[in-house]
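entry_5.cif (mmCIF, C-alpha atoms) appears below.
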```cif
data_protein
#
loop_
_atom_site.label_atom_id
_atom_site.label_comp_id
_atom_site.auth_asym_id
_atom_site.auth_seq_id
_atom_site.Cartn_x
_atom_site.Cartn_y
_atom_site.Cartn_z
CA MET A 58 129.16 245.42 -48.53
CA THR A 59 128.79 241.75 -49.35
CA LEU A 60 127.00 239.56 -46.85
CA ASN A 61 126.73 235.83 -46.60
CA VAL A 62 123.01 235.20 -46.13
CA VAL A 63 121.94 231.74 -44.96
CA TYR A 64 118.52 230.14 -44.64
CA PHE A 65 117.30 227.13 -42.70
CA ALA A 66 114.29 224.81 -42.60
CA TRP A 67 111.20 226.05 -44.48
CA VAL A 68 112.81 229.44 -45.11
CA ARG A 69 115.52 227.62 -47.11
CA GLU A 70 112.88 225.59 -48.93
CA ARG A 71 110.81 228.64 -49.87
CA ILE A 72 113.81 230.64 -51.09
CA GLY A 73 115.31 227.63 -52.83
CA VAL A 74 118.94 228.04 -51.75
CA ALA A 75 120.77 227.32 -48.50
CA GLN A 76 123.01 230.37 -48.76
CA GLU A 77 124.01 233.18 -51.07
CA ARG A 78 126.20 236.26 -51.30
CA ILE A 79 124.19 239.48 -51.22
CA ASP A 80 125.49 242.95 -52.06
CA THR A 81 123.64 245.43 -49.91
CA ASP A 82 123.84 248.83 -48.26
CA ALA A 83 121.11 247.95 -45.77
CA ALA A 84 121.78 249.35 -42.29
CA THR A 85 119.60 246.90 -40.40
CA VAL A 86 118.23 243.37 -40.72
CA ALA A 87 114.78 244.84 -41.44
CA ALA A 88 116.18 246.94 -44.31
CA LEU A 89 117.88 243.85 -45.75
CA VAL A 90 114.57 241.96 -45.54
CA ASP A 91 112.85 244.80 -47.44
CA GLU A 92 115.50 244.59 -50.19
CA LEU A 93 115.10 240.82 -50.46
CA ARG A 94 111.30 241.01 -50.50
CA ALA A 95 111.46 243.41 -53.44
CA ARG A 96 113.65 241.01 -55.45
CA GLU A 97 111.36 238.11 -56.19
CA ASP A 98 108.17 236.45 -55.04
CA ARG A 99 110.00 233.56 -53.35
CA TYR A 100 111.60 236.07 -50.94
CA ALA A 101 108.31 237.89 -50.41
CA LEU A 102 106.73 234.54 -49.56
CA ALA A 103 109.50 233.51 -47.16
CA PHE A 104 109.48 236.88 -45.38
CA GLU A 105 105.69 237.28 -45.39
CA ASP A 106 105.33 237.11 -41.61
CA LEU A 107 108.38 238.21 -39.65
CA SER A 108 106.80 237.11 -36.37
CA ALA A 109 107.26 233.54 -37.65
CA LEU A 110 110.98 234.10 -38.23
CA ARG A 111 114.12 234.43 -36.17
CA VAL A 112 117.39 236.05 -37.21
CA ALA A 113 121.03 235.67 -36.25
CA VAL A 114 123.78 238.12 -37.17
CA ASP A 115 127.24 236.54 -37.13
CA GLN A 116 125.76 233.51 -35.35
CA GLN A 117 124.19 235.57 -32.54
CA LEU A 118 120.42 235.61 -32.14
CA THR A 119 119.15 239.15 -32.47
CA ASP A 120 116.16 241.27 -33.54
CA PHE A 121 115.06 242.54 -36.91
CA ASP A 122 116.00 246.11 -35.97
CA ALA A 123 119.60 245.05 -35.30
CA PRO A 124 122.33 246.87 -37.27
CA ILE A 125 124.30 244.83 -39.79
CA ALA A 126 127.16 247.25 -40.52
CA GLY A 127 130.37 245.22 -40.51
CA ALA A 128 128.54 241.90 -40.23
CA ARG A 129 129.70 238.94 -42.28
CA GLU A 130 126.73 236.59 -42.05
CA VAL A 131 122.99 236.95 -41.53
CA ALA A 132 120.84 233.85 -40.99
CA PHE A 133 117.07 233.55 -41.26
CA PHE A 134 115.10 230.62 -39.86
CA PRO A 135 111.88 229.63 -38.10
CA PRO A 136 111.75 229.27 -34.29
CA MET A 137 114.10 226.51 -33.25
CA THR A 138 112.89 223.04 -32.36
CA GLY A 139 115.82 221.31 -30.71
CA GLY A 140 115.92 218.94 -27.79
CA MET B 46 132.39 220.96 -19.99
CA CYS B 47 131.80 219.23 -23.28
CA VAL B 48 129.44 219.96 -26.18
CA ARG B 49 129.22 217.60 -29.13
CA VAL B 50 127.05 218.05 -32.23
CA GLN B 51 127.17 214.97 -34.41
CA ALA B 52 125.32 212.86 -36.95
CA ASP B 53 126.52 209.58 -35.46
CA PRO B 54 124.69 207.75 -32.67
CA PHE B 55 126.10 207.94 -29.16
CA ASP B 56 126.27 205.25 -26.49
CA PHE B 57 124.09 206.68 -23.73
CA GLY B 58 125.17 204.10 -21.16
CA ALA B 59 128.87 204.53 -21.86
CA GLU B 60 128.56 208.33 -21.84
CA CYS B 61 126.76 208.30 -18.48
CA ASP B 62 129.30 205.89 -17.01
CA ALA B 63 132.28 207.93 -18.19
CA PHE B 64 130.67 211.16 -17.01
CA ALA B 65 129.96 209.83 -13.52
CA SER B 66 133.35 208.16 -13.08
CA GLY B 67 136.41 209.39 -11.22
CA ARG B 68 134.77 212.27 -9.41
CA HIS B 69 135.59 212.94 -5.78
CA HIS B 70 133.94 216.30 -5.17
CA VAL B 71 130.63 215.58 -6.87
CA GLY B 72 127.66 214.23 -4.96
CA ALA B 73 125.14 214.19 -7.81
CA VAL B 74 124.96 213.42 -11.51
CA VAL B 75 121.71 214.01 -13.42
CA THR B 76 121.28 212.69 -16.96
CA PHE B 77 118.58 213.18 -19.55
CA CYS B 78 118.16 211.45 -22.90
CA GLY B 79 115.76 212.60 -25.65
CA ILE B 80 114.30 209.90 -27.90
CA VAL B 81 112.53 210.12 -31.27
CA ARG B 82 108.87 209.52 -30.39
CA ASP B 83 106.34 208.13 -32.82
CA ASP B 84 102.91 209.59 -32.10
CA GLY B 85 101.51 207.70 -35.10
CA GLY B 86 102.80 207.31 -38.63
CA LEU B 87 106.27 208.72 -38.02
CA GLN B 88 108.83 207.13 -40.35
CA ALA B 89 111.80 209.37 -39.67
CA MET B 90 112.86 212.70 -38.31
CA GLU B 91 115.32 214.91 -40.15
CA ILE B 92 117.19 217.35 -37.96
CA GLU B 93 118.81 220.33 -39.63
CA HIS B 94 121.16 222.67 -37.79
CA TYR B 95 123.35 225.74 -38.26
CA PRO B 96 126.87 224.33 -38.00
CA ALA B 97 128.65 227.65 -37.43
CA MET B 98 126.29 228.54 -34.58
CA THR B 99 125.17 225.33 -32.90
CA ALA B 100 128.11 224.40 -30.68
CA PRO B 101 128.92 228.02 -29.69
CA ALA B 102 125.25 228.63 -28.80
CA ILE B 103 125.11 225.51 -26.62
CA GLU B 104 128.45 226.38 -25.01
CA ALA B 105 126.99 229.79 -24.11
CA MET B 106 123.99 228.02 -22.50
CA VAL B 107 126.32 225.83 -20.45
CA ALA B 108 128.32 228.91 -19.40
CA GLU B 109 125.07 230.59 -18.33
CA ALA B 110 124.11 227.49 -16.31
CA ARG B 111 127.47 227.64 -14.54
CA THR B 112 126.79 231.21 -13.42
CA ARG B 113 123.45 230.13 -11.93
CA TRP B 114 124.33 226.91 -10.17
CA SER B 115 127.31 225.25 -8.58
CA LEU B 116 128.24 222.86 -11.40
CA ALA B 117 131.32 220.67 -11.49
CA ASP B 118 130.77 219.57 -15.08
CA ALA B 119 128.24 219.35 -17.91
CA LEU B 120 127.92 217.32 -21.09
CA VAL B 121 125.58 218.00 -24.02
CA ILE B 122 125.39 215.74 -27.08
CA HIS B 123 122.90 216.59 -29.84
CA ARG B 124 122.53 214.72 -33.11
CA HIS B 125 121.50 215.97 -36.52
CA GLY B 126 120.55 214.23 -39.75
CA ARG B 127 118.01 211.46 -40.28
CA LEU B 128 116.79 209.56 -37.22
CA THR B 129 114.13 206.90 -36.84
CA PRO B 130 111.65 206.30 -33.98
CA GLY B 131 113.34 204.96 -30.87
CA GLU B 132 116.71 206.51 -31.71
CA ARG B 133 118.37 208.74 -29.14
CA ILE B 134 118.49 212.34 -30.35
CA MET B 135 120.33 214.06 -27.57
CA MET B 136 121.52 213.88 -24.00
CA VAL B 137 122.40 216.23 -21.18
CA ALA B 138 124.43 215.33 -18.10
CA THR B 139 125.22 217.60 -15.20
CA ALA B 140 127.46 217.02 -12.19
CA ALA B 141 127.28 219.06 -9.01
CA PRO B 142 128.18 218.79 -5.34
CA HIS B 143 124.45 218.59 -4.51
CA ARG B 144 121.49 217.19 -6.43
CA ALA B 145 119.34 220.34 -6.48
CA ASP B 146 121.93 222.14 -8.62
CA ALA B 147 122.39 219.14 -10.92
CA PHE B 148 118.62 218.79 -11.49
CA ALA B 149 118.02 222.53 -11.98
CA ALA B 150 120.93 222.94 -14.41
CA ALA B 151 119.81 219.93 -16.48
CA ASP B 152 116.25 221.27 -16.59
CA PHE B 153 117.50 224.72 -17.61
CA LEU B 154 119.74 223.30 -20.34
CA MET B 155 116.86 221.23 -21.73
CA ASP B 156 114.55 224.25 -21.90
CA TYR B 157 117.23 226.29 -23.67
CA LEU B 158 118.14 223.52 -26.10
CA LYS B 159 114.47 223.17 -27.09
CA SER B 160 114.00 226.79 -28.07
CA ARG B 161 117.38 228.49 -28.48
CA ALA B 162 119.77 225.99 -30.01
CA PRO B 163 119.64 226.25 -33.82
CA PHE B 164 118.03 222.91 -34.66
CA TRP B 165 114.95 222.32 -36.80
CA LYS B 166 113.06 219.06 -36.94
CA LYS B 167 111.21 217.78 -39.96
CA GLU B 168 108.87 214.84 -39.46
CA ILE B 169 108.57 212.36 -42.30
CA THR B 170 105.26 210.56 -41.81
CA THR B 171 103.13 208.18 -43.82
CA ALA B 172 100.92 211.22 -44.58
CA GLY B 173 103.82 213.40 -45.82
CA ALA B 174 106.60 215.60 -44.47
CA HIS B 175 106.29 218.72 -42.33
CA TRP B 176 108.46 220.98 -40.20
CA VAL B 177 107.78 220.67 -36.49
CA GLU B 178 106.40 223.95 -35.15
CA ALA B 179 107.74 225.51 -31.99
CA ARG B 180 105.29 225.09 -29.13
CA SER B 181 104.18 227.99 -26.96
CA GLU B 182 104.70 225.71 -23.94
CA ASP B 183 108.40 225.67 -24.74
CA GLU B 184 108.57 229.47 -24.60
CA THR B 185 106.61 229.40 -21.35
CA ALA B 186 109.09 226.89 -19.95
CA LEU B 187 111.94 229.21 -20.95
CA ALA B 188 110.27 232.26 -19.42
CA ARG B 189 110.26 230.73 -15.94
CA TRP B 190 114.08 230.99 -15.87
CA SER B 191 113.84 234.74 -16.56
CA ASP B 192 111.22 235.02 -13.81
CA GLU B 193 113.61 233.24 -11.51
CA THR B 194 116.35 235.73 -12.37
CA ALA B 195 113.95 238.58 -11.61
CA ARG B 196 113.15 237.07 -8.22
CA ARG B 197 116.81 236.96 -7.20
#
```

How does this structure look as structure tokens?
Amino acid sequence: MTLNVVYFAWVRERIGVAQERIDTDAATVAALVDELRAREDRYALAFEDLSALRVAVDQQLTDFDAPIAGAREVAFFPPMTGG
Amino acid sequence: MCVRVQADPFDFGAECDAFASGRHHVGAVVTFCGIVRDDGGLQAMEIEHYPAMTAPAIEAMVAEARTRWSLADALVIHRHGRLTPGERIMMVATAAPHRADAFAAADFLMDYLKSRAPFWKKEITTAGAHWVEARSEDETALARWSDETARR
């Protein structure tokens, strides 16, 4: 499947793009992260510490063990700082 | 109920006036305005957000507030983009028959906006630029609403 993967804040800066299309067979967010980490150092650096990251699947906050079958968009970002 | 995510400034006075006007079954309106604070050397703040998620996430927070308190109405405005010290970043207004509900709902919405709305602040200072880190106090503030649910 092809996913739209989006990055925000320092995750975007470390990876160097705001969004990209990713072909993957990953079943979960964690499996997708493993695939990305294996690609290039910039991904490994961005995903170094998952406790410092949050994830949303189709714009819903979720966990790294969440399934992504049928999802259209996965977003990675640091903890939010609104308000 | 109204949620607006925008780059443009908003007129806090006019928003409050419009929100509080023409209501016959509301006894209390509570408003909050967040302002860009300069703790020393801050030149600007750049607020990034996740356009596809931001408004729906805030609307879900408002819907959750409505299940917890007797709310007649709520308004949330949150800006993004580049802001300078003294500028108004965001506002929350709640209207309820009684003030306790209006205060609690505004407090709840503020805590959720801080930690669960997809915004990220970058501070541009005279010493350089850095992303603002989430504070553990903000998570603690959020946790008290779960504790309150557990107590019910």

Interface list for chain B, partner chain A, 10 Å threshold, all atoms listed in the file, as JSON, numbers by chain: {"B": [78, 79, 80, 92, 93, 94, 95, 96, 97, 98, 99, 101, 102, 123, 124, 125, 134, 135, 136, 137, 154, 155, 156, 157, 158, 159, 160, 161, 162, 163, 164, 165, 166, 167, 175, 176, 177, 178, 179, 180, 183]}

Can you turn the PyMOL selection byres ((chain A and resi 120-127) around 6) into a concrete residue list for this file, as a PyMOL selection string? chain A and resi 84-87+119+128

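From CA of Ala52 (chain B) back to CA of Thr171 (chain B), the distance works out to 23.7 Å.
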
Might I get the box with edges along x, y and z of the file that holds all atoms of region 151-157 of chain B listed there, padded by 4 Å on every side, given as centre and edge lengths in Å to one decimal, as AutoDock Vina command-line options?
```
--center_x 117.2 --center_y 223.1 --center_z -20.1 --size_x 13.3 --size_y 14.4 --size_z 15.2
```

Just to confirm, what's the straight-line distance from CA of Ala101 (chain A) to CA of Met90 (chain B) in Å (one decimal)?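 It comes out at 28.3 Å.
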
Using only C-alpha atoms, determine which residues lie at most 10 Å from Arg113 (chain B), disregarding the query and same-chain residues fewer than 5 positions distant; provide the list as a list in words.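 Near Arg113 (chain B), the qualifying residues are Val107, Ala108, Asp146, Ala149, Ala150, Phe153 and Thr194 of chain B.
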